[in-house]
$ cat run04.txt   # compact mmCIF, C-alpha atoms
# COMPACT_ATOMS: atom_id res chain seq x y z
CA MET F 103 7.60 -13.14 -46.42
CA LEU F 104 8.51 -15.78 -43.84
CA THR F 105 11.36 -13.59 -42.63
CA LEU F 106 8.97 -10.65 -42.21
CA THR F 107 6.55 -12.85 -40.25
CA HIS F 108 9.35 -13.95 -37.95
CA ALA F 109 10.43 -10.35 -37.50
CA LEU F 110 6.92 -9.23 -36.58
CA LEU F 111 6.58 -12.10 -34.11
CA ALA F 112 9.93 -11.25 -32.51
CA ALA F 113 8.92 -7.59 -32.27
CA SER F 114 5.66 -8.49 -30.53
CA LEU F 115 7.52 -10.64 -28.02
CA LEU F 116 10.00 -7.87 -27.31
CA ALA F 117 7.39 -5.12 -27.08
CA GLY F 118 6.74 -5.73 -23.39
CA PRO F 119 3.76 -4.54 -21.38
CA VAL F 120 1.76 -1.49 -22.42
CA SER F 121 1.64 1.47 -20.03
CA THR F 122 -1.47 3.67 -20.18
CA ASP F 123 -2.41 6.69 -18.09
CA ILE F 124 -6.02 6.31 -16.97
CA ALA F 125 -8.57 8.38 -15.06
CA LEU F 126 -11.31 7.28 -12.68
CA PRO F 127 -14.36 9.57 -12.48
CA ALA F 128 -14.67 10.98 -8.96
CA GLN F 129 -15.79 14.07 -7.10
CA PRO F 130 -14.69 16.84 -7.01
CA ALA F 131 -12.21 15.77 -9.73
CA PRO F 132 -11.01 12.55 -11.38
CA LEU F 133 -8.45 10.23 -9.82
CA HIS F 134 -5.44 9.23 -11.91
CA GLY F 135 -3.27 6.15 -12.29
CA THR F 136 -1.21 3.97 -14.62
CA LEU F 137 -2.48 0.72 -16.13
CA LEU F 138 0.40 -1.63 -17.02
CA THR F 139 -0.85 -4.48 -19.19
CA PRO F 140 1.18 -7.47 -20.34
CA GLU F 141 0.15 -9.53 -23.34
CA ALA F 142 -2.97 -11.58 -22.39
CA PRO F 143 -2.97 -10.83 -18.65
CA THR F 144 -4.21 -13.60 -16.38
CA ALA F 145 -5.19 -11.22 -13.54
CA VAL F 146 -5.15 -7.58 -12.54
CA ALA F 147 -4.22 -5.88 -9.27
CA VAL F 148 -4.54 -2.37 -7.87
CA ILE F 149 -1.49 -1.17 -5.93
CA LEU F 150 -2.56 0.98 -2.96
CA PRO F 151 0.11 3.41 -1.72
CA GLY F 152 1.37 3.94 1.80
CA SER F 153 0.86 7.00 3.98
CA GLY F 154 1.67 10.63 3.28
CA PRO F 155 2.33 12.13 -0.16
CA THR F 156 3.31 8.80 -1.73
CA ASP F 157 2.63 8.72 -5.46
CA ARG F 158 1.74 5.93 -7.89
CA ASP F 159 5.37 4.89 -8.30
CA GLY F 160 5.99 4.70 -4.56
CA ASN F 161 7.92 7.97 -4.36
CA SER F 162 7.45 10.93 -2.06
CA PRO F 163 8.83 14.46 -1.69
CA MET F 164 9.74 13.40 1.84
CA GLY F 165 12.94 11.74 0.64
CA VAL F 166 11.62 8.53 -0.95
CA ALA F 167 12.64 7.83 -4.54
CA ALA F 168 12.84 4.03 -4.55
CA SER F 169 10.08 3.56 -7.16
CA THR F 170 8.89 0.44 -5.34
CA TYR F 171 5.40 0.38 -6.90
CA ARG F 172 6.67 0.90 -10.45
CA LEU F 173 9.18 -1.92 -9.97
CA LEU F 174 6.51 -4.17 -8.46
CA ALA F 175 4.17 -3.45 -11.38
CA GLU F 176 6.92 -4.26 -13.87
CA GLY F 177 7.80 -7.46 -12.01
CA LEU F 178 4.18 -8.59 -11.95
CA ALA F 179 3.79 -7.80 -15.66
CA GLU F 180 6.64 -10.20 -16.36
CA GLN F 181 4.53 -12.83 -14.57
CA GLY F 182 1.39 -12.06 -16.58
CA VAL F 183 -0.36 -9.87 -14.00
CA ALA F 184 -1.66 -6.45 -15.05
CA THR F 185 -1.65 -3.63 -12.49
CA VAL F 186 -3.15 -0.26 -11.85
CA ARG F 187 -0.97 1.90 -9.62
CA ILE F 188 -2.61 5.06 -8.40
CA ASP F 189 -2.10 8.59 -7.21
CA LYS F 190 -4.42 8.60 -4.23
CA ARG F 191 -6.93 11.35 -3.59
CA GLY F 192 -5.15 14.66 -2.94
CA ILE F 193 -1.71 13.48 -4.12
CA ALA F 194 0.29 14.22 -7.32
CA THR F 195 -1.97 14.10 -10.41
CA SER F 196 -4.99 13.36 -8.19
CA ALA F 197 -4.36 16.51 -6.14
CA ALA F 198 -7.51 18.22 -7.41
CA ALA F 199 -9.65 15.39 -6.00
CA GLY F 200 -8.41 15.96 -2.48
CA PRO F 201 -10.54 17.76 0.08
CA ALA F 202 -9.08 20.15 2.60
CA GLU F 203 -6.95 18.17 5.02
CA ALA F 204 -9.42 18.77 7.84
CA ASP F 205 -12.16 17.09 5.78
CA LEU F 206 -10.24 13.94 4.83
CA ARG F 207 -11.31 10.63 6.39
CA PHE F 208 -9.82 7.15 6.07
CA ASP F 209 -13.03 5.75 4.59
CA ALA F 210 -12.51 7.91 1.50
CA TYR F 211 -9.38 5.93 0.60
CA ALA F 212 -11.23 2.65 1.09
CA ALA F 213 -14.09 3.77 -1.15
CA ASP F 214 -11.60 4.85 -3.82
CA ALA F 215 -9.88 1.44 -3.61
CA ARG F 216 -13.17 -0.32 -4.30
CA ALA F 217 -13.84 1.97 -7.24
CA TRP F 218 -10.37 1.34 -8.65
CA ALA F 219 -10.89 -2.44 -8.33
CA THR F 220 -14.07 -2.19 -10.41
CA GLU F 221 -12.31 0.01 -12.98
CA ALA F 222 -9.25 -2.24 -13.23
CA ALA F 223 -11.37 -5.35 -13.73
CA ALA F 224 -13.45 -3.66 -16.43
CA ARG F 225 -10.42 -2.33 -18.34
CA THR F 226 -8.69 -5.72 -18.44
CA GLY F 227 -11.69 -8.00 -18.91
CA GLN F 228 -11.15 -9.72 -15.57
CA PRO F 229 -13.97 -10.70 -13.19
CA CYS F 230 -12.30 -8.91 -10.29
CA ALA F 231 -9.09 -7.18 -9.21
CA TRP F 232 -6.67 -7.96 -6.41
CA LEU F 233 -5.87 -5.24 -3.91
CA ILE F 234 -2.16 -4.95 -3.17
CA GLY F 235 -1.76 -2.72 -0.14
CA HIS F 236 1.69 -1.53 0.93
CA SER F 237 2.31 -0.09 4.40
CA GLU F 238 -0.79 2.00 5.25
CA GLY F 239 -2.21 0.79 1.93
CA ALA F 240 -2.56 -2.66 3.52
CA LEU F 241 -5.05 -1.21 5.99
CA VAL F 242 -6.84 0.58 3.14
CA ALA F 243 -7.16 -2.78 1.37
CA LEU F 244 -8.55 -4.44 4.50
CA LYS F 245 -11.08 -1.65 5.03
CA ALA F 246 -12.05 -1.66 1.35
CA ALA F 247 -12.82 -5.38 1.49
CA GLU F 248 -14.85 -5.10 4.69
CA GLY F 249 -18.24 -6.71 4.21
CA GLY F 250 -17.18 -8.36 0.95
CA ASP F 251 -16.98 -6.99 -2.60
CA ASP F 252 -17.32 -9.22 -5.65
CA LYS F 253 -14.93 -6.96 -7.58
CA VAL F 254 -12.12 -7.70 -5.09
CA CYS F 255 -10.44 -11.06 -5.84
CA GLY F 256 -8.38 -11.07 -2.66
CA LEU F 257 -5.79 -9.15 -0.67
CA ILE F 258 -2.01 -8.86 -0.89
CA LEU F 259 -0.75 -7.17 2.28
CA LEU F 260 2.87 -5.98 2.06
CA SER F 261 4.76 -4.40 4.99
CA GLY F 262 1.42 -3.79 6.69
CA ALA F 263 0.74 -3.20 10.36
CA GLY F 264 -0.95 -6.04 12.22
CA ARG F 265 -1.95 -3.92 15.21
CA PRO F 266 -3.91 -0.69 15.60
CA ALA F 267 -2.00 2.38 14.47
CA GLY F 268 -1.82 3.82 17.99
CA VAL F 269 0.15 0.80 19.19
CA VAL F 270 2.61 1.05 16.29
CA ILE F 271 3.00 4.83 16.63
CA ARG F 272 3.74 4.50 20.33
CA GLU F 273 6.49 1.99 19.55
CA GLN F 274 8.02 4.31 16.98
CA LEU F 275 7.83 7.35 19.27
CA GLN F 276 9.19 5.35 22.21
CA ALA F 277 12.43 4.88 20.32
CA GLY F 278 12.69 8.34 18.79
CA LEU F 279 11.52 11.00 21.27
CA PRO F 280 13.01 12.43 24.48
CA ASP F 281 10.98 11.61 27.59
CA PRO F 282 9.16 14.97 28.14
CA LEU F 283 8.01 15.08 24.50
CA LYS F 284 7.15 11.38 24.60
CA THR F 285 4.78 11.94 27.51
CA GLN F 286 3.03 14.75 25.63
CA ALA F 287 2.77 12.71 22.44
CA PHE F 288 1.24 9.74 24.22
CA ALA F 289 -1.29 12.02 25.92
CA VAL F 290 -2.34 13.47 22.55
CA LEU F 291 -2.67 9.96 21.08
CA THR F 292 -4.90 8.88 23.94
CA GLU F 293 -7.24 11.81 23.33
CA LEU F 294 -7.39 11.16 19.59
CA GLU F 295 -8.10 7.47 20.14
CA ALA F 296 -11.04 8.55 22.29
CA GLY F 297 -12.35 10.64 19.40
CA ARG F 298 -11.40 14.02 20.85
CA THR F 299 -9.32 16.66 19.07
CA VAL F 300 -6.49 18.42 20.92
CA ALA F 301 -6.17 22.19 20.52
CA ASP F 302 -2.74 22.70 22.05
CA THR F 303 -0.13 20.33 20.68
CA PRO F 304 3.64 20.86 21.11
CA PRO F 305 5.20 22.60 18.08
CA ALA F 306 7.76 19.81 17.88
CA LEU F 307 4.90 17.35 17.21
CA ALA F 308 3.08 19.51 14.66
CA ALA F 309 4.01 17.27 11.73
CA LEU F 310 2.19 14.37 13.35
CA PHE F 311 -0.59 16.06 15.34
CA ARG F 312 -1.35 19.38 13.63
CA PRO F 313 -5.01 20.35 14.16
CA SER F 314 -5.97 19.94 10.49
CA VAL F 315 -4.90 16.28 10.40
CA GLN F 316 -6.53 15.28 13.68
CA PRO F 317 -9.96 14.43 12.22
CA TYR F 318 -8.24 12.01 9.83
CA LEU F 319 -6.26 10.46 12.68
CA ILE F 320 -9.47 10.01 14.66
CA SER F 321 -10.96 8.09 11.70
CA TRP F 322 -7.81 5.95 11.37
CA LEU F 323 -6.59 5.18 14.88
CA PRO F 324 -9.49 2.89 15.96
CA LEU F 325 -9.05 0.53 13.00
CA ASP F 326 -7.70 -2.89 13.98
CA PRO F 327 -6.14 -4.64 10.96
CA ALA F 328 -6.18 -8.05 12.63
CA ALA F 329 -9.89 -7.76 13.41
CA LEU F 330 -10.65 -6.65 9.84
CA LEU F 331 -8.65 -9.57 8.47
CA ALA F 332 -10.34 -12.08 10.78
CA ALA F 333 -13.69 -11.07 9.31
CA TYR F 334 -12.51 -11.33 5.68
CA GLU F 335 -13.25 -14.57 3.84
CA GLY F 336 -11.22 -14.18 0.66
CA PRO F 337 -7.66 -15.29 -0.14
CA VAL F 338 -4.90 -13.32 1.61
CA PHE F 339 -1.13 -13.11 1.11
CA ILE F 340 0.97 -11.44 3.81
CA GLY F 341 4.49 -10.40 2.80
CA GLN F 342 7.00 -8.94 5.25
CA GLY F 343 10.73 -8.22 5.19
CA THR F 344 12.89 -9.07 8.19
CA THR F 345 14.93 -5.82 8.04
CA ASP F 346 11.90 -3.50 7.88
CA LEU F 347 12.62 -0.58 10.22
CA GLN F 348 8.99 0.65 10.23
CA ILE F 349 6.88 -2.50 10.52
CA GLY F 350 8.16 -5.64 12.19
CA VAL F 351 7.74 -9.36 11.71
CA THR F 352 5.53 -9.22 14.82
CA ASP F 353 2.91 -7.36 12.79
CA ALA F 354 2.94 -9.90 9.97
CA GLN F 355 2.58 -12.68 12.50
CA ALA F 356 -0.34 -10.88 14.14
CA LEU F 357 -2.08 -10.69 10.76
CA ALA F 358 -1.38 -14.36 10.07
CA ALA F 359 -2.76 -15.34 13.47
CA ALA F 360 -5.98 -13.47 12.66
CA ASP F 361 -6.48 -15.54 9.48
CA PRO F 362 -5.04 -19.06 9.69
CA LYS F 363 -5.91 -19.59 6.00
CA ALA F 364 -3.67 -16.70 4.91
CA THR F 365 -0.27 -17.30 3.31
CA LEU F 366 2.59 -15.67 5.27
CA LYS F 367 5.90 -15.04 3.50
CA LEU F 368 8.88 -13.58 5.37
CA TRP F 369 11.60 -12.22 3.11
CA ASP F 370 15.00 -12.39 4.79
CA GLY F 371 17.05 -9.20 4.59
CA VAL F 372 14.28 -7.18 2.93
CA ASN F 373 13.22 -3.73 4.17
CA HIS F 374 10.01 -1.70 4.25
CA LEU F 375 10.32 -0.71 0.59
CA LEU F 376 10.82 -4.34 -0.45
CA LYS F 377 14.49 -3.84 -1.27
CA THR F 378 17.41 -5.95 -0.07
CA ALA F 379 18.88 -4.03 2.87
CA PRO F 380 20.88 -4.65 6.05
CA ALA F 381 19.52 -4.03 9.54
CA ASP F 382 21.95 -1.10 9.94
CA ARG F 383 19.75 1.99 9.94
CA ALA F 384 21.86 4.27 7.76
CA ALA F 385 22.48 1.65 5.10
CA ASN F 386 18.84 0.57 5.19
CA MET F 387 17.56 4.12 4.76
CA ALA F 388 19.96 4.73 1.88
CA THR F 389 17.86 2.37 -0.24
CA TYR F 390 14.88 4.73 0.10
CA ALA F 391 16.48 7.15 -2.38
CA ASP F 392 17.77 4.60 -4.90
CA PRO F 393 15.38 3.88 -7.79
CA ALA F 394 18.11 1.88 -9.56
CA LEU F 395 18.08 -0.74 -6.82
CA PRO F 396 15.72 -3.54 -7.91
CA LEU F 397 13.07 -5.15 -5.75
CA ALA F 398 14.42 -7.92 -3.58
CA PRO F 399 14.54 -11.25 -5.43
CA GLY F 400 11.36 -13.24 -5.03
CA VAL F 401 8.99 -10.44 -4.01
CA ALA F 402 7.15 -9.99 -7.32
CA GLN F 403 7.45 -13.71 -8.08
CA ASP F 404 5.90 -14.77 -4.75
CA VAL F 405 3.02 -12.31 -5.14
CA ALA F 406 2.34 -13.41 -8.72
CA ALA F 407 2.49 -17.09 -7.77
CA PHE F 408 -0.10 -16.56 -5.05
CA ILE F 409 -2.38 -14.67 -7.44
CA ARG F 410 -2.09 -17.44 -10.02
CA ALA F 411 -2.77 -20.14 -7.45
CA ASN F 412 -5.89 -18.36 -6.20
CA GLY F 413 -7.19 -16.96 -9.45
CA LYS F 414 -10.23 -19.17 -9.91
CA ARG F 415 -13.50 -17.78 -8.54
$ encode --input "run04.txt" --output "structure tokens"
Amino acid sequence: MLTLTHALLAASLLAGPVSTDIALPAQPAPLHGTLLTPEAPTAVAVILPGSGPTDRDGNSPMGVAASTYRLLAEGLAEQGVATVRIDKRGIATSAAAGPAEADLRFDAYAADARAWATEAAARTGQPCAWLIGHSEGALVALKAAEGGDDKVCGLILLSGAGRPAGVVIREQLQAGLPDPLKTQAFAVLTELEAGRTVADTPPALAALFRPSVQPYLISWLPLDPAALLAAYEGPVFIGQGTTDLQIGVTDAQALAAADPKATLKLWDGVNHLLKTAPADRAANMATYADPALPLAPGVAQDVAAFIRANGKR
């Protein structure tokens, strides 16, 4: 009998966290995600994806298969933190909840993040949920917490821009476009920032400025992450890799300057997808398609430690 008891105890210890597909009621269709729950979780967090067709695991048909969000969720579970990672409105299993592209606005993602925080807290018996925003998801987290929300414990901002999107986009285009196209792109950006759509955009820029996405860009471009953070009163962790080719250390420092109480962690040799990577562009980008490559050491541990240290409300 004692041997059986020991065996059952060992089995429970080896069972690991429980993964459950969950749905959040929404219009016009439910939103979907994965709840990963360790034994007796001490906190819960919602992982908010980056831009484009990025799914709950952090993968995208646009060449990203690094499974960053799944790996982060698993790493946090090892530290006692439950997570909900989500397919955002219009993407993957939440595709039916997406409006036509021309009708999508940034505020919809922020409202969904607040709803997911409430759902995550209720499902795990926690008083609130942390919002972990990666890349554009960091801005979603900041917008979701605007004005305060007692179901949001605090913010974890990973690889997030610290300046308005127009500034960051101009930097990216400056390095990647020939001069004639660059001039046209900057002119389109200026119009969108002023709240005006542009009917005639160069075909070469259609992926970025197609007419159907312009209303969304107009809702997104004016948002200033540093200003949103300066107005937020809850606990904030800012994590940034030094070999991130998309968002630089400058952005993390801009966020930290906006909130002197925030914790800033710079991970040396870590890229945008939170993997260990060199500064060399080709080698760095190769990690984007490698789900077998683990998260960089310390990423999940640093996030979990901050959550534990700031868990009391």
$ atom_distance --input "run04.txt" --atom1 "atom CA of F:Gly177" --atom2 "atom CA of F:Gly235"
16.0 Å
$ residues_around --input "run04.txt" --residues "stretch 394-400 of chain F" --least-positions-apart "4" --cutoff "6 Å" --atoms "all atoms listed in the file" --output "PDB file with C-alpha atoms, in the coordinates of the input"
ATOM      1  CA  LEU F 376      10.820  -4.340  -0.450  1.00  0.00           C
ATOM      2  CA  LYS F 377      14.490  -3.840  -1.270  1.00  0.00           C
ATOM      3  CA  THR F 378      17.410  -5.950  -0.070  1.00  0.00           C
ATOM      4  CA  ASP F 404       5.900 -14.770  -4.750  1.00  0.00           C
TER       5      ASP F 404
END
$ residues_around --input "run04.txt" --residues "stretch 204-214 of chain F" --least-positions-apart "5" --cutoff "9 Å" --atoms "all atoms listed in the file" --output "list of chain:residue names"
F:Ala128, F:Leu133, F:Lys190, F:Arg191, F:Ala219, F:Gly239, F:Leu241, F:Val242, F:Ala243, F:Leu244, F:Lys245, F:Ala246, F:Ala247, F:Pro313, F:Ser314, F:Val315, F:Gln316, F:Pro317, F:Tyr318, F:Leu319, F:Ile320, F:Ser321, F:Trp322
$ write_last_selection --input "run04.txt" --atoms "C-alpha atoms" --output "short mmCIF file (atom, residue, chain, number, x, y, z; two decimals), in the coordinates of the input"
data_model
loop_
_atom_site.label_atom_id
_atom_site.label_comp_id
_atom_site.auth_asym_id
_atom_site.auth_seq_id
_atom_site.Cartn_x
_atom_site.Cartn_y
_atom_site.Cartn_z
CA ALA F 128 -14.67 10.98 -8.96
CA LEU F 133 -8.45 10.23 -9.82
CA LYS F 190 -4.42 8.60 -4.23
CA ARG F 191 -6.93 11.35 -3.59
CA ALA F 219 -10.89 -2.44 -8.33
CA GLY F 239 -2.21 0.79 1.93
CA LEU F 241 -5.05 -1.21 5.99
CA VAL F 242 -6.84 0.58 3.14
CA ALA F 243 -7.16 -2.78 1.37
CA LEU F 244 -8.55 -4.44 4.50
CA LYS F 245 -11.08 -1.65 5.03
CA ALA F 246 -12.05 -1.66 1.35
CA ALA F 247 -12.82 -5.38 1.49
CA PRO F 313 -5.01 20.35 14.16
CA SER F 314 -5.97 19.94 10.49
CA VAL F 315 -4.90 16.28 10.40
CA GLN F 316 -6.53 15.28 13.68
CA PRO F 317 -9.96 14.43 12.22
CA TYR F 318 -8.24 12.01 9.83
CA LEU F 319 -6.26 10.46 12.68
CA ILE F 320 -9.47 10.01 14.66
CA SER F 321 -10.96 8.09 11.70
CA TRP F 322 -7.81 5.95 11.37
#
$ atom_distance --input "run04.txt" --atom1 "atom CA of F:Phe288" --atom2 "atom CA of F:Asp353"
20.6 Å
$ atom_distance --input "run04.txt" --atom1 "atom CA of F:Val166" --atom2 "atom CA of F:Ser121"
22.7 Å
$ decode --input "run04.txt" --residues "stretch 360-378 of chain F" --atoms "N, CA, C and O atoms" --output "compact mmCIF listing (two decimals), in the first residue's frame"
# COMPACT_ATOMS: atom_id res chain seq x y z
N ALA F 360 10.01 56.52 -19.04
CA ALA F 360 8.63 56.98 -18.84
C ALA F 360 8.08 56.53 -17.49
O ALA F 360 7.13 57.13 -16.98
N ASP F 361 8.64 55.47 -16.91
CA ASP F 361 8.16 54.94 -15.63
C ASP F 361 9.37 54.55 -14.78
O ASP F 361 9.84 53.41 -14.83
N PRO F 362 9.89 55.48 -14.01
CA PRO F 362 11.09 55.19 -13.20
C PRO F 362 10.92 54.04 -12.22
O PRO F 362 11.90 53.46 -11.77
N LYS F 363 9.67 53.68 -11.91
CA LYS F 363 9.42 52.57 -10.98
C LYS F 363 9.51 51.21 -11.69
O LYS F 363 9.55 50.17 -11.02
N ALA F 364 9.48 51.20 -13.00
CA ALA F 364 9.49 49.95 -13.75
C ALA F 364 10.83 49.24 -13.60
O ALA F 364 11.87 49.86 -13.37
N THR F 365 10.79 47.92 -13.75
CA THR F 365 12.01 47.11 -13.76
C THR F 365 12.44 46.88 -15.20
O THR F 365 11.65 46.36 -16.01
N LEU F 366 13.66 47.26 -15.55
CA LEU F 366 14.20 47.08 -16.90
C LEU F 366 15.24 45.96 -16.87
O LEU F 366 16.19 46.00 -16.08
N LYS F 367 15.05 44.96 -17.74
CA LYS F 367 16.01 43.86 -17.86
C LYS F 367 16.47 43.75 -19.31
O LYS F 367 15.65 43.54 -20.21
N LEU F 368 17.77 43.91 -19.53
CA LEU F 368 18.35 43.74 -20.85
C LEU F 368 19.02 42.37 -20.91
O LEU F 368 19.89 42.07 -20.08
N TRP F 369 18.60 41.56 -21.87
CA TRP F 369 19.17 40.22 -22.03
C TRP F 369 20.22 40.25 -23.12
O TRP F 369 19.90 40.47 -24.30
N ASP F 370 21.46 40.01 -22.76
CA ASP F 370 22.56 40.09 -23.71
C ASP F 370 22.50 38.93 -24.72
O ASP F 370 22.31 37.77 -24.32
N GLY F 371 22.61 39.28 -26.01
CA GLY F 371 22.63 38.26 -27.04
C GLY F 371 21.30 37.57 -27.27
O GLY F 371 21.25 36.43 -27.73
N VAL F 372 20.21 38.28 -26.99
CA VAL F 372 18.86 37.72 -27.15
C VAL F 372 18.12 38.54 -28.21
O VAL F 372 18.19 39.77 -28.21
N ASN F 373 17.40 37.85 -29.10
CA ASN F 373 16.76 38.54 -30.22
C ASN F 373 15.27 38.84 -29.96
O ASN F 373 14.77 38.66 -28.86
N HIS F 374 14.59 39.26 -31.02
CA HIS F 374 13.20 39.69 -30.89
C HIS F 374 12.29 38.57 -30.40
O HIS F 374 11.30 38.83 -29.71
N LEU F 375 12.60 37.35 -30.77
CA LEU F 375 11.77 36.21 -30.38
C LEU F 375 12.25 35.56 -29.09
O LEU F 375 11.87 34.44 -28.76
N LEU F 376 13.12 36.28 -28.36
CA LEU F 376 13.57 35.87 -27.04
C LEU F 376 14.42 34.61 -27.08
O LEU F 376 14.46 33.83 -26.12
N LYS F 377 15.11 34.42 -28.22
CA LYS F 377 16.04 33.32 -28.38
C LYS F 377 17.48 33.86 -28.39
O LYS F 377 17.72 35.00 -28.81
N THR F 378 18.42 33.04 -27.96
CA THR F 378 19.82 33.41 -28.06
C THR F 378 20.20 33.48 -29.53
O THR F 378 19.98 32.52 -30.28
